[in-house]
$ cat data_28.cif   # mmCIF, C-alpha atoms
data_start
loop_
_atom_site.label_atom_id
_atom_site.label_comp_id
_atom_site.auth_asym_id
_atom_site.auth_seq_id
_atom_site.Cartn_x
_atom_site.Cartn_y
_atom_site.Cartn_z
CA MET F 1 0.00 0.00 0.00
CA LEU F 2 2.96 2.25 0.64
CA GLN F 3 3.78 2.58 -3.03
CA LYS F 4 0.15 3.38 -3.81
CA ASP F 5 0.20 6.28 -1.36
CA ASN F 6 3.42 7.43 -2.89
CA ILE F 7 1.86 7.49 -6.29
CA ALA F 8 -1.36 9.10 -5.09
CA LYS F 9 0.38 12.09 -3.58
CA GLY F 10 3.27 11.95 -6.04
CA LYS F 11 4.11 14.65 -8.50
CA ASP F 12 3.56 12.38 -11.47
CA SER F 13 -0.25 12.51 -11.61
CA THR F 14 -0.53 16.09 -12.83
CA GLY F 15 1.00 15.51 -16.22
CA ARG F 16 2.60 18.97 -15.94
CA ILE F 17 6.10 18.02 -14.95
CA ALA F 18 8.91 18.44 -17.45
CA ASP F 19 9.55 15.49 -19.75
CA THR F 20 13.12 15.09 -18.58
CA ASP F 21 11.90 14.82 -15.01
CA ALA F 22 9.55 12.01 -16.04
CA PHE F 23 12.66 10.18 -17.19
CA ILE F 24 15.04 11.03 -14.34
CA LYS F 25 12.72 10.34 -11.41
CA GLY F 26 12.48 6.62 -12.24
CA LEU F 27 16.24 6.26 -12.30
CA TRP F 28 16.83 7.88 -8.94
CA ARG F 29 14.19 9.64 -6.81
CA GLU F 30 11.47 7.02 -7.37
CA ASN F 31 13.69 4.10 -8.30
CA PRO F 32 11.33 1.09 -8.57
CA VAL F 33 13.66 -1.31 -6.76
CA PHE F 34 15.32 0.81 -4.08
CA VAL F 35 12.59 3.37 -3.31
CA GLN F 36 9.23 1.96 -4.41
CA VAL F 37 10.31 -1.65 -3.71
CA LEU F 38 8.09 -2.90 -6.55
CA GLY F 39 8.36 -6.07 -8.63
CA MET F 40 10.35 -7.95 -6.00
CA CYS F 41 9.60 -11.41 -7.45
CA PRO F 42 11.90 -11.09 -10.49
CA VAL F 43 14.32 -8.87 -8.53
CA LEU F 44 14.96 -11.61 -5.99
CA ALA F 45 14.58 -14.61 -8.29
CA VAL F 46 16.48 -13.71 -11.47
CA SER F 47 19.28 -11.62 -9.97
CA ASN F 48 21.51 -14.65 -9.33
CA SER F 49 23.89 -13.63 -12.11
CA ALA F 50 24.77 -10.31 -13.76
CA GLU F 51 23.83 -11.56 -17.23
CA ASN F 52 20.40 -12.87 -16.19
CA ALA F 53 19.70 -9.67 -14.25
CA LEU F 54 20.59 -7.47 -17.21
CA ALA F 55 18.55 -9.51 -19.71
CA MET F 56 15.56 -9.66 -17.37
CA GLY F 57 15.80 -5.92 -16.71
CA LEU F 58 15.91 -5.07 -20.41
CA ALA F 59 12.98 -7.41 -21.20
CA THR F 60 10.93 -5.75 -18.45
CA MET F 61 11.93 -2.31 -19.71
CA PHE F 62 10.77 -3.19 -23.24
CA VAL F 63 7.40 -4.49 -22.01
CA LEU F 64 7.01 -1.43 -19.79
CA ALA F 65 7.77 1.01 -22.61
CA MET F 66 5.47 -0.68 -25.14
CA SER F 67 2.55 -1.18 -22.74
CA ASN F 68 2.86 2.38 -21.41
CA MET F 69 2.71 3.72 -24.96
CA LEU F 70 -0.30 1.63 -25.95
CA VAL F 71 -2.18 2.30 -22.69
CA SER F 72 -1.50 6.00 -23.07
CA SER F 73 -2.68 6.16 -26.68
CA LEU F 74 -5.85 4.22 -25.81
CA ARG F 75 -6.48 6.07 -22.53
CA ASN F 76 -9.64 7.84 -23.73
CA PHE F 77 -11.01 4.65 -25.22
CA ILE F 78 -10.62 2.32 -22.22
CA PRO F 79 -13.68 2.47 -19.87
CA LYS F 80 -12.78 3.02 -16.21
CA GLN F 81 -14.46 -0.21 -15.03
CA ALA F 82 -12.61 -2.45 -17.46
CA ARG F 83 -9.23 -0.75 -17.21
CA ILE F 84 -7.33 -3.35 -15.18
CA ALA F 85 -8.45 -6.14 -17.50
CA SER F 86 -7.43 -4.01 -20.49
CA TYR F 87 -4.00 -3.24 -19.02
CA ILE F 88 -3.34 -6.90 -18.23
CA LEU F 89 -4.36 -7.86 -21.77
CA ILE F 90 -1.98 -5.29 -23.24
CA ILE F 91 0.87 -6.25 -20.89
CA ALA F 92 0.40 -9.97 -21.58
CA THR F 93 0.54 -9.28 -25.32
CA PHE F 94 3.90 -7.56 -25.09
CA VAL F 95 5.25 -10.26 -22.78
CA THR F 96 4.34 -12.88 -25.38
CA ILE F 97 6.02 -10.78 -28.07
CA THR F 98 9.14 -10.45 -25.90
CA ASP F 99 9.16 -14.20 -25.37
CA TYR F 100 9.17 -14.82 -29.13
CA ALA F 101 11.75 -12.10 -29.71
CA ILE F 102 14.15 -13.56 -27.14
CA GLN F 103 13.75 -17.03 -28.67
CA ALA F 104 14.56 -15.52 -32.05
CA ILE F 105 17.63 -13.73 -30.69
CA SER F 106 19.26 -16.61 -28.84
CA VAL F 107 18.22 -20.07 -27.70
CA ASP F 108 20.75 -19.94 -24.86
CA LEU F 109 19.43 -16.66 -23.48
CA HIS F 110 15.88 -18.01 -23.58
CA LYS F 111 17.09 -21.11 -21.78
CA SER F 112 18.70 -19.13 -18.97
CA LEU F 113 15.72 -16.83 -18.36
CA GLY F 114 13.24 -19.69 -18.59
CA ALA F 115 9.97 -19.23 -16.78
CA PHE F 116 10.67 -15.68 -15.64
CA ILE F 117 9.88 -14.11 -19.01
CA SER F 118 6.21 -15.08 -18.73
CA LEU F 119 6.16 -13.88 -15.13
CA ILE F 120 6.73 -10.29 -16.32
CA VAL F 121 2.92 -10.24 -16.79
CA VAL F 122 2.42 -10.11 -13.03
CA ASN F 123 5.21 -7.62 -12.34
CA CYS F 124 3.36 -4.93 -10.37
CA LEU F 125 5.79 -2.25 -11.55
CA ILE F 126 4.34 -2.43 -15.07
CA LEU F 127 0.72 -2.40 -13.93
CA SER F 128 1.40 0.45 -11.52
CA ARG F 129 2.97 2.63 -14.25
CA ALA F 130 0.00 1.94 -16.56
CA GLU F 131 -2.44 2.88 -13.80
CA ALA F 132 -0.57 5.78 -12.21
CA PHE F 133 1.02 7.43 -15.21
CA ALA F 134 0.23 6.18 -18.70
CA SER F 135 -3.56 6.33 -18.21
CA LYS F 136 -3.32 10.05 -17.37
CA ASN F 137 -0.60 11.32 -19.70
CA SER F 138 0.06 11.56 -23.41
CA VAL F 139 2.26 9.16 -25.33
CA LEU F 140 5.66 10.89 -25.18
CA PRO F 141 5.77 11.51 -21.40
CA SER F 142 4.49 7.96 -20.88
CA LEU F 143 7.32 6.57 -22.99
CA LEU F 144 9.88 8.65 -21.08
CA ASP F 145 8.37 7.57 -17.77
CA ALA F 146 8.61 3.93 -18.86
CA LEU F 147 12.22 4.32 -20.00
CA GLY F 148 13.13 6.00 -16.72
CA MET F 149 11.37 3.44 -14.54
CA GLY F 150 12.66 0.60 -16.73
CA GLY F 151 16.17 2.00 -16.53
CA GLY F 152 15.87 2.22 -12.75
CA PHE F 153 14.69 -1.38 -12.68
CA VAL F 154 17.64 -2.51 -14.83
CA LEU F 155 19.98 -0.63 -12.50
CA GLY F 156 18.47 -2.22 -9.40
CA LEU F 157 18.53 -5.73 -10.86
CA PHE F 158 22.08 -5.29 -12.08
CA CYS F 159 23.31 -4.07 -8.65
CA LEU F 160 21.88 -7.21 -7.05
CA GLY F 161 22.94 -9.56 -9.83
CA ALA F 162 26.56 -8.38 -9.89
CA VAL F 163 27.04 -8.73 -6.12
CA ARG F 164 25.33 -12.12 -5.98
CA GLU F 165 27.26 -13.56 -8.91
CA ILE F 166 30.63 -12.33 -7.65
CA LEU F 167 30.13 -13.65 -4.10
CA GLY F 168 28.00 -16.69 -4.86
CA ASN F 169 29.76 -18.01 -7.93
CA GLY F 170 33.12 -16.22 -7.96
CA THR F 171 32.47 -14.91 -11.48
CA PHE F 172 31.30 -11.73 -13.22
CA PHE F 173 29.48 -12.17 -16.54
CA GLY F 174 30.82 -15.73 -16.49
CA LEU F 175 34.46 -14.67 -16.12
CA ALA F 176 36.26 -16.15 -13.13
CA LEU F 177 37.43 -13.41 -10.76
CA PHE F 178 39.10 -15.33 -7.96
CA PRO F 179 42.02 -17.78 -7.82
CA GLU F 180 41.32 -21.51 -7.81
CA GLY F 181 41.05 -21.85 -4.01
CA PHE F 182 38.07 -19.47 -3.62
CA GLN F 183 35.08 -21.17 -2.02
CA PRO F 184 31.94 -19.42 -3.39
CA TRP F 185 29.24 -18.45 -0.87
CA ILE F 186 26.53 -20.70 -2.32
CA VAL F 187 23.94 -18.99 -0.10
CA MET F 188 24.27 -15.82 -2.18
CA ILE F 189 22.82 -17.40 -5.32
CA LEU F 190 20.07 -19.14 -3.34
CA PRO F 191 16.86 -17.19 -2.55
CA ALA F 192 18.14 -16.18 0.91
CA GLY F 193 21.11 -14.43 -0.69
CA GLY F 194 18.67 -12.30 -2.69
CA PHE F 195 17.18 -10.95 0.53
CA PHE F 196 20.61 -10.32 2.08
CA THR F 197 21.80 -8.43 -0.98
CA LEU F 198 18.57 -6.46 -1.33
CA ALA F 199 18.78 -5.38 2.33
CA LEU F 200 22.40 -4.38 1.85
CA TRP F 201 21.64 -2.24 -1.20
CA LEU F 202 18.59 -0.65 0.47
CA LEU F 203 20.81 0.27 3.42
CA ILE F 204 23.47 1.82 1.20
CA PHE F 205 20.92 3.60 -0.96
CA ASN F 206 19.00 5.09 1.94
CA ARG F 207 22.17 6.18 3.78
CA TRP F 208 23.17 7.96 0.60
CA LYS F 209 19.80 9.65 0.16
CA VAL F 210 19.64 10.85 3.77
CA LYS F 211 23.03 12.59 3.53
CA MET O 212 -1.00 23.26 -5.78
CA GLU O 213 -3.43 25.01 -8.15
CA PRO O 214 -2.71 22.93 -11.22
CA GLN O 215 -2.93 19.73 -9.20
CA LYS O 216 -6.43 20.57 -7.93
CA LYS O 217 -7.61 21.52 -11.36
CA SER O 218 -6.46 18.31 -12.90
CA ASP O 219 -7.98 16.29 -10.04
CA MET O 220 -11.28 17.96 -10.71
CA GLN O 221 -11.00 17.24 -14.39
CA ASN O 222 -10.21 13.70 -13.49
CA ALA O 223 -13.24 13.48 -11.23
CA THR O 224 -15.66 14.68 -13.89
CA HIS O 225 -13.96 12.39 -16.37
CA LEU O 226 -14.46 9.47 -14.02
CA SER O 227 -18.10 10.17 -13.19
CA GLY O 228 -18.84 10.38 -16.88
CA GLU O 229 -17.13 7.05 -17.39
CA SER O 230 -18.95 5.32 -14.56
CA ASN O 231 -22.13 5.56 -16.59
CA ALA O 232 -20.48 3.76 -19.46
CA SER O 233 -22.80 1.17 -20.87
CA SER O 234 -21.95 -2.50 -21.07
CA ALA O 235 -21.85 -2.12 -24.83
CA LYS O 236 -19.02 0.39 -24.57
CA MET O 237 -17.04 -1.89 -22.26
CA LEU O 238 -17.62 -4.78 -24.59
CA TRP O 239 -16.39 -2.79 -27.57
CA ALA O 240 -13.32 -1.64 -25.69
CA MET O 241 -12.38 -5.17 -24.65
CA VAL O 242 -13.06 -6.62 -28.11
CA GLY O 243 -11.10 -3.78 -29.71
CA ILE O 244 -8.09 -4.18 -27.45
CA GLY O 245 -8.29 -7.96 -27.79
CA THR O 246 -8.21 -7.65 -31.57
CA ILE O 247 -5.23 -5.29 -31.53
CA CYS O 248 -3.36 -7.59 -29.15
CA ALA O 249 -4.16 -10.72 -31.16
CA LEU O 250 -2.95 -8.99 -34.31
CA LEU O 251 0.32 -7.97 -32.68
CA ILE O 252 0.95 -11.49 -31.41
CA VAL O 253 0.18 -13.09 -34.77
CA LEU O 254 2.47 -10.63 -36.56
CA THR O 255 5.34 -11.36 -34.16
CA TYR O 256 4.77 -15.10 -34.33
CA GLU O 257 4.73 -15.09 -38.12
CA SER O 258 7.85 -12.99 -38.41
CA THR O 259 9.89 -14.94 -35.83
CA SER O 260 8.73 -18.55 -36.25
CA ASP O 261 11.10 -19.38 -39.14
CA ARG O 262 14.10 -18.00 -37.33
CA ILE O 263 13.15 -19.69 -34.05
CA ALA O 264 12.75 -23.04 -35.82
CA SER O 265 16.10 -22.73 -37.58
CA LEU O 266 17.86 -21.65 -34.35
CA GLN O 267 16.38 -24.65 -32.54
CA ASP O 268 17.53 -26.97 -35.34
CA ASP O 269 21.02 -25.46 -35.12
CA ALA O 270 21.01 -25.92 -31.34
CA LEU O 271 19.94 -29.56 -31.75
CA GLU O 272 22.64 -30.25 -34.33
CA ALA O 273 25.31 -28.57 -32.21
CA ALA O 274 24.11 -30.65 -29.25
CA VAL O 275 24.61 -33.91 -31.20
CA PHE O 276 28.34 -33.19 -31.34
CA LYS O 277 28.35 -32.41 -27.62
CA VAL O 278 26.79 -35.71 -26.54
CA LEU O 279 28.89 -37.92 -28.84
CA PRO O 280 32.54 -37.10 -28.04
CA GLY O 281 34.94 -37.32 -31.00
CA THR O 282 32.19 -37.03 -33.60
CA THR O 283 32.97 -35.13 -36.78
CA SER O 284 29.97 -36.03 -38.97
CA THR O 285 26.41 -37.18 -38.37
CA LYS O 286 23.59 -38.93 -40.21
CA ALA O 287 19.91 -38.78 -39.31
CA PHE O 288 17.87 -41.97 -38.98
CA THR O 289 14.22 -42.69 -38.27
CA LEU O 290 12.70 -45.26 -35.94
CA GLN O 291 9.94 -46.93 -37.95
CA PRO O 292 6.78 -48.14 -36.16
CA ASP O 293 7.58 -51.74 -37.21
CA GLY O 294 10.82 -51.69 -35.18
CA LYS O 295 13.19 -51.04 -38.09
CA ILE O 296 15.62 -48.14 -38.43
CA THR O 297 16.03 -46.41 -41.78
CA LEU O 298 17.85 -43.36 -43.12
CA ALA O 299 15.67 -40.32 -42.46
CA LYS O 300 13.72 -38.69 -45.26
CA ALA O 301 12.89 -34.99 -45.36
CA ASP O 302 9.67 -34.94 -43.36
CA ASP O 303 10.24 -37.73 -40.82
CA GLY O 304 9.34 -36.85 -37.26
CA GLN O 305 11.15 -39.02 -34.69
CA LEU O 306 14.83 -38.68 -35.54
CA ILE O 307 17.91 -40.19 -34.00
CA TYR O 308 21.37 -39.11 -35.04
CA ALA O 309 24.29 -41.45 -35.63
CA GLY O 310 27.75 -39.94 -35.16
CA TYR O 311 31.00 -40.87 -36.92
CA ASP O 312 34.56 -39.82 -36.15
CA ALA O 313 37.24 -38.61 -38.56
CA ARG O 314 37.98 -42.20 -39.74
CA HIS O 315 34.25 -42.91 -40.32
CA GLN O 316 34.05 -45.11 -37.25
CA PHE O 317 30.66 -45.22 -35.54
CA THR O 318 30.74 -43.22 -32.27
CA GLY O 319 27.17 -43.73 -31.05
CA VAL O 320 23.65 -42.40 -31.49
CA ALA O 321 22.13 -39.19 -30.14
CA VAL O 322 18.52 -39.58 -29.01
CA GLU O 323 16.09 -36.87 -27.96
CA ALA O 324 13.85 -37.48 -24.93
CA SER O 325 11.50 -35.41 -22.85
CA GLY O 326 9.37 -35.58 -19.72
CA GLN O 327 7.92 -33.66 -16.83
CA GLY O 328 10.40 -31.79 -14.65
CA TYR O 329 9.88 -29.73 -11.49
CA ALA O 330 8.56 -26.80 -13.54
CA GLY O 331 7.41 -27.73 -17.00
CA ILE O 332 8.80 -30.08 -19.60
CA ILE O 333 12.49 -30.98 -19.72
CA ARG O 334 13.82 -31.84 -23.20
CA VAL O 335 17.18 -33.55 -23.32
CA LEU O 336 19.49 -35.08 -25.88
CA TYR O 337 21.70 -37.98 -24.83
CA GLY O 338 24.43 -39.95 -26.51
CA TYR O 339 24.08 -43.75 -26.47
CA GLN O 340 26.91 -46.09 -27.38
CA PRO O 341 25.21 -49.42 -28.18
CA GLU O 342 28.42 -51.48 -28.40
CA GLN O 343 29.54 -50.51 -24.88
CA GLU O 344 25.91 -50.28 -23.68
CA LYS O 345 26.57 -46.92 -22.07
CA ILE O 346 25.18 -43.39 -22.09
CA ILE O 347 28.20 -41.28 -23.02
CA GLY O 348 26.83 -37.74 -23.17
CA PHE O 349 23.94 -35.64 -21.95
CA TYR O 350 22.66 -32.17 -22.84
CA VAL O 351 19.54 -30.25 -21.77
CA LEU O 352 17.81 -28.72 -24.80
CA GLN O 353 15.01 -27.02 -22.90
CA SER O 354 13.93 -26.69 -19.29
CA ASN O 355 12.24 -24.28 -16.89
CA GLU O 356 13.87 -25.58 -13.72
CA THR O 357 14.41 -23.25 -10.75
CA PRO O 358 17.36 -20.93 -11.41
CA GLY O 359 20.22 -21.68 -9.02
CA LEU O 360 18.89 -25.10 -8.02
CA GLY O 361 17.11 -27.22 -10.62
CA ASP O 362 18.88 -25.60 -13.53
CA LYS O 363 22.11 -27.21 -12.32
CA ILE O 364 21.02 -30.24 -14.35
CA GLU O 365 22.23 -28.16 -17.32
CA LYS O 366 25.61 -26.94 -16.15
CA ASP O 367 26.75 -28.53 -12.88
CA ASN O 368 29.96 -30.39 -13.74
CA ASN O 369 29.56 -32.96 -10.98
CA PHE O 370 26.08 -33.80 -12.19
CA LEU O 371 27.08 -33.94 -15.86
CA ALA O 372 29.95 -36.28 -14.94
CA ASN O 373 27.27 -38.91 -14.26
CA PHE O 374 26.69 -39.20 -17.99
CA LYS O 375 30.25 -39.77 -19.19
CA ALA O 376 29.73 -43.55 -18.84
CA LEU O 377 26.32 -44.37 -17.41
CA ASP O 378 25.75 -48.13 -17.49
CA VAL O 379 22.58 -49.10 -19.39
CA ALA O 380 23.35 -52.76 -20.13
CA LEU O 381 20.50 -54.95 -21.40
CA ASP O 382 19.78 -58.53 -20.38
CA GLN O 383 19.01 -61.35 -22.82
CA SER O 384 15.33 -60.44 -23.22
CA GLY O 385 16.13 -56.80 -24.07
CA GLN O 386 15.19 -55.37 -20.66
CA LEU O 387 17.44 -52.98 -18.75
CA LEU O 388 19.55 -54.91 -16.21
CA HIS O 389 19.42 -52.01 -13.75
CA ALA O 390 16.98 -49.13 -13.62
CA ILE O 391 18.61 -45.69 -13.87
CA VAL O 392 18.07 -44.29 -10.38
CA PRO O 393 19.14 -41.10 -8.62
CA VAL O 394 21.03 -41.53 -5.34
CA LYS O 395 21.84 -39.01 -2.61
CA ASN O 396 24.67 -36.68 -3.57
CA GLY O 397 28.08 -38.27 -3.01
CA THR O 398 26.81 -41.84 -2.54
CA LYS O 399 27.06 -43.07 -6.15
CA SER O 400 28.68 -46.49 -6.04
CA ASN O 401 27.41 -48.21 -9.21
CA ALA O 402 27.77 -47.18 -12.85
CA TRP O 403 24.01 -47.10 -13.36
CA GLU O 404 23.29 -44.66 -10.53
CA ILE O 405 23.00 -40.89 -10.89
CA ASP O 406 24.57 -38.71 -8.21
CA ALA O 407 21.68 -36.30 -7.53
CA ILE O 408 22.02 -32.55 -6.98
CA THR O 409 21.59 -31.36 -3.39
CA GLY O 410 18.50 -29.12 -3.27
CA ALA O 411 17.21 -30.32 -6.63
CA THR O 412 15.95 -33.80 -5.83
CA ILE O 413 12.91 -33.57 -8.09
CA SER O 414 14.86 -32.26 -11.09
CA SER O 415 17.48 -35.00 -10.65
CA ARG O 416 14.80 -37.66 -10.38
CA SER O 417 13.07 -36.28 -13.50
CA VAL O 418 16.28 -36.57 -15.52
CA ALA O 419 16.74 -40.16 -14.34
CA ASP O 420 13.13 -41.01 -15.21
CA ILE O 421 13.34 -39.38 -18.64
CA LEU O 422 16.53 -41.27 -19.48
CA HIS O 423 15.23 -44.54 -18.05
CA SER O 424 11.97 -44.58 -19.98
CA SER O 425 13.61 -43.43 -23.20
CA ILE O 426 16.51 -45.87 -23.08
CA ALA O 427 14.26 -48.77 -22.05
CA GLU O 428 12.23 -48.15 -25.19
CA LYS O 429 14.97 -47.26 -27.69
CA ALA O 430 18.01 -49.30 -26.63
CA PRO O 431 16.59 -52.75 -27.66
CA VAL O 432 15.60 -51.40 -31.10
CA ILE O 433 18.95 -49.70 -31.62
CA THR O 434 20.94 -52.73 -30.50
CA LYS O 435 18.94 -55.00 -32.80
CA ASN O 436 19.48 -52.71 -35.79
CA ILE O 437 23.06 -51.75 -35.02
CA ASP O 438 24.25 -52.86 -38.49
CA VAL O 439 22.24 -50.05 -40.09
CA PHE O 440 24.61 -47.46 -38.59
CA MET O 441 27.76 -49.27 -39.76
CA GLN O 442 26.99 -49.09 -43.47
#
$ encode --input "data_28.cif" --output "structure tokens"
Amino acid sequence: MLQKDNIAKGKDSTGRIADTDAFIKGLWRENPVFVQVLGMCPVLAVSNSAENALAMGLATMFVLAMSNMLVSSLRNFIPKQARIASYILIIATFVTITDYAIQAISVDLHKSLGAFISLIVVNCLILSRAEAFASKNSVLPSLLDALGMGGGFVLGLFCLGAVREILGNGTFFGLALFPEGFQPWIVMILPAGGFFTLALWLLIFNRWKVK
Amino acid sequence: MEPQKKSDMQNATHLSGESNASSAKMLWAMVGIGTICALLIVLTYESTSDRIASLQDDALEAAVFKVLPGTTSTKAFTLQPDGKITLAKADDGQLIYAGYDARHQFTGVAVEASGQGYAGIIRVLYGYQPEQEKIIGFYVLQSNETPGLGDKIEKDNNFLANFKALDVALDQSGQLLHAIVPVKNGTKSNAWEIDAITGATISSRSVADILHSSIAEKAPVITKNIDVFMQ
């Protein structure tokens, strides 16, 4: 509920803010991972390596940008009562498209992301941007908002993925970083490690913001 | 805060107007969006399906070389319903691949198998050497196993070492002498056992089951028709 309050009193519902601000706020002030704490399922589950985190972040960003644009251009056509169903339909469409696109790019990449591509449908970050921003703003600001929020999401995922891969597997993007004798902290690539790393980054991020 | 109030008010009137929207309008909106979405999906599917199919074929062919060590060339064969094996024709479905090394010596056959894993279907390709009666290679073509745990069936070296020489000897009647079974990690003592992955018991068991049911069905046919591959 916290994030909903944030959005309700947030500056993004007026549609009057500068376009650049629509972009920047997602990266930093309203970062979806570190400030809004949205979409934690993929953040915790797929951030076990830097490569997976980056690919998952970019796939989410693409879905977010496309669905924000379509929701925004159809915003006067979608009846209020049926809006959630409409948004889900639009989001699911772009997730399916992303799934095909990733298969067409690389079989290996599709193999490593596996089930998490289809789970983008239920990522609450995407639904919340459709509801809080795209349904009230025109196409260009909605696209910028999506790119900003998506970029913030990529950043958050990557921060977690890099730390977890380095500590949990001793590698970075598959390259070995440590000498032979290094015993990787297996716990870091297990689900518990996701929580540890997330807490660590939230601590650092909030310390930084307070200063 | 002036502009904020104004837009809230606009919003409110907008909303109250919408709340009287008739069912017909909602229906049209949903049908309209559904049509747009269906169109987008069909377009993407049509434009990517050829490339996806060719990439998957490439991946399968590359995998044949991985599961049959020393192979430099392959030939595709088909299992006929009457229990014979023939050279594959263009549109045959169930293919197995025979591998040959640089001196045209038979190195084994690569067989595709699939079954239920922990999350969705697991599709694997394994190399079978009928003369030694052993599985000599194993590769996961497709799986949705849990990242970090179940997906170790694809890349964990200790697990993959199980399939360098997995004993699948047949008895006189063409039945497997020993079922392929997973055992607790580190307790493998026989050549037909699979050292399971800690934390991925179900995925390990699925792999063993997939291999067992496939080899139990295919090995007798392949052994009986082994001359076909030597020609």
$ resolve_selection --input "data_28.cif" --expression "the PyMOL selection byres ((chain F and resi 105-110) around 12)" --output "PyMOL selection string"
(chain F and resi 51-56+59+98-104+111-118) or (chain O and resi 259-260+262-271+273+351-355+365)
$ closest_residue --input "data_28.cif" --among "F:Val163, F:Met188, F:Ile126, F:Leu144" --to "Lys25 (chain F)" --atoms "only C-alpha atoms"
F:Leu144
$ residues_around --input "data_28.cif" --residues "Gln81 (chain F)" --least-positions-apart "2" --cutoff "8 Å" --atoms "all atoms listed in the file" --output "list in words"
Pro79, Arg83 and Ile84 of chain F; Ser230 and Met237 of chain O
$ write_last_selection --input "data_28.cif" --atoms "C-alpha atoms" --output "tab-separated table (two decimals), in the frame of the given file"
chain	number	residue	atom	x	y	z
F	79	PRO	CA	-13.68	2.47	-19.87
F	83	ARG	CA	-9.23	-0.75	-17.21
F	84	ILE	CA	-7.33	-3.35	-15.18
O	230	SER	CA	-18.95	5.32	-14.56
O	237	MET	CA	-17.04	-1.89	-22.26
$ residues_around --input "data_28.cif" --residues "Ala372 (chain O)" --least-positions-apart "6" --cutoff "10 Å" --atoms "only C-alpha atoms" --output "number ranges by chain"
O: 347-349, 405-406
$ atom_distance --input "data_28.cif" --atom1 "CA of Leu127 (chain F)" --atom2 "CA of Ser49 (chain F)"
25.8 Å
$ decode --input "data_28.cif" --residues "region 54-65 of chain F" --atoms "N, CA and C atoms" --output "mmCIF file, in the first residue's frame"
data_model
loop_
_atom_site.group_PDB
_atom_site.id
_atom_site.type_symbol
_atom_site.label_atom_id
_atom_site.label_comp_id
_atom_site.auth_asym_id
_atom_site.auth_seq_id
_atom_site.Cartn_x
_atom_site.Cartn_y
_atom_site.Cartn_z
ATOM 1 N N LEU F 54 20.601 -8.476 -16.147
ATOM 2 C CA LEU F 54 20.589 -7.474 -17.211
ATOM 3 C C LEU F 54 19.531 -7.834 -18.263
ATOM 4 N N ALA F 55 19.508 -9.095 -18.682
ATOM 5 C CA ALA F 55 18.555 -9.509 -19.712
ATOM 6 C C ALA F 55 17.125 -9.359 -19.215
ATOM 7 N N MET F 56 16.893 -9.768 -17.949
ATOM 8 C CA MET F 56 15.562 -9.663 -17.374
ATOM 9 C C MET F 56 15.147 -8.196 -17.259
ATOM 10 N N GLY F 57 16.079 -7.347 -16.837
ATOM 11 C CA GLY F 57 15.795 -5.921 -16.706
ATOM 12 C C GLY F 57 15.422 -5.306 -18.044
ATOM 13 N N LEU F 58 16.177 -5.652 -19.091
ATOM 14 C CA LEU F 58 15.910 -5.075 -20.410
ATOM 15 C C LEU F 58 14.580 -5.582 -20.955
ATOM 16 N N ALA F 59 14.266 -6.874 -20.733
ATOM 17 C CA ALA F 59 12.983 -7.412 -21.197
ATOM 18 C C ALA F 59 11.834 -6.687 -20.513
ATOM 19 N N THR F 60 11.970 -6.462 -19.186
ATOM 20 C CA THR F 60 10.928 -5.749 -18.451
ATOM 21 C C THR F 60 10.788 -4.322 -18.957
ATOM 22 N N MET F 61 11.927 -3.691 -19.230
ATOM 23 C CA MET F 61 11.926 -2.315 -19.713
ATOM 24 C C MET F 61 11.191 -2.222 -21.050
ATOM 25 N N PHE F 62 11.438 -3.192 -21.930
ATOM 26 C CA PHE F 62 10.766 -3.192 -23.239
ATOM 27 C C PHE F 62 9.252 -3.322 -23.062
ATOM 28 N N VAL F 63 8.831 -4.290 -22.236
ATOM 29 C CA VAL F 63 7.397 -4.492 -22.010
ATOM 30 C C VAL F 63 6.784 -3.233 -21.411
ATOM 31 N N LEU F 64 7.502 -2.633 -20.455
ATOM 32 C CA LEU F 64 7.007 -1.429 -19.791
ATOM 33 C C LEU F 64 6.833 -0.289 -20.793
ATOM 34 N N ALA F 65 7.829 -0.086 -21.646
ATOM 35 C CA ALA F 65 7.767 1.009 -22.614
ATOM 36 C C ALA F 65 6.621 0.798 -23.597
#
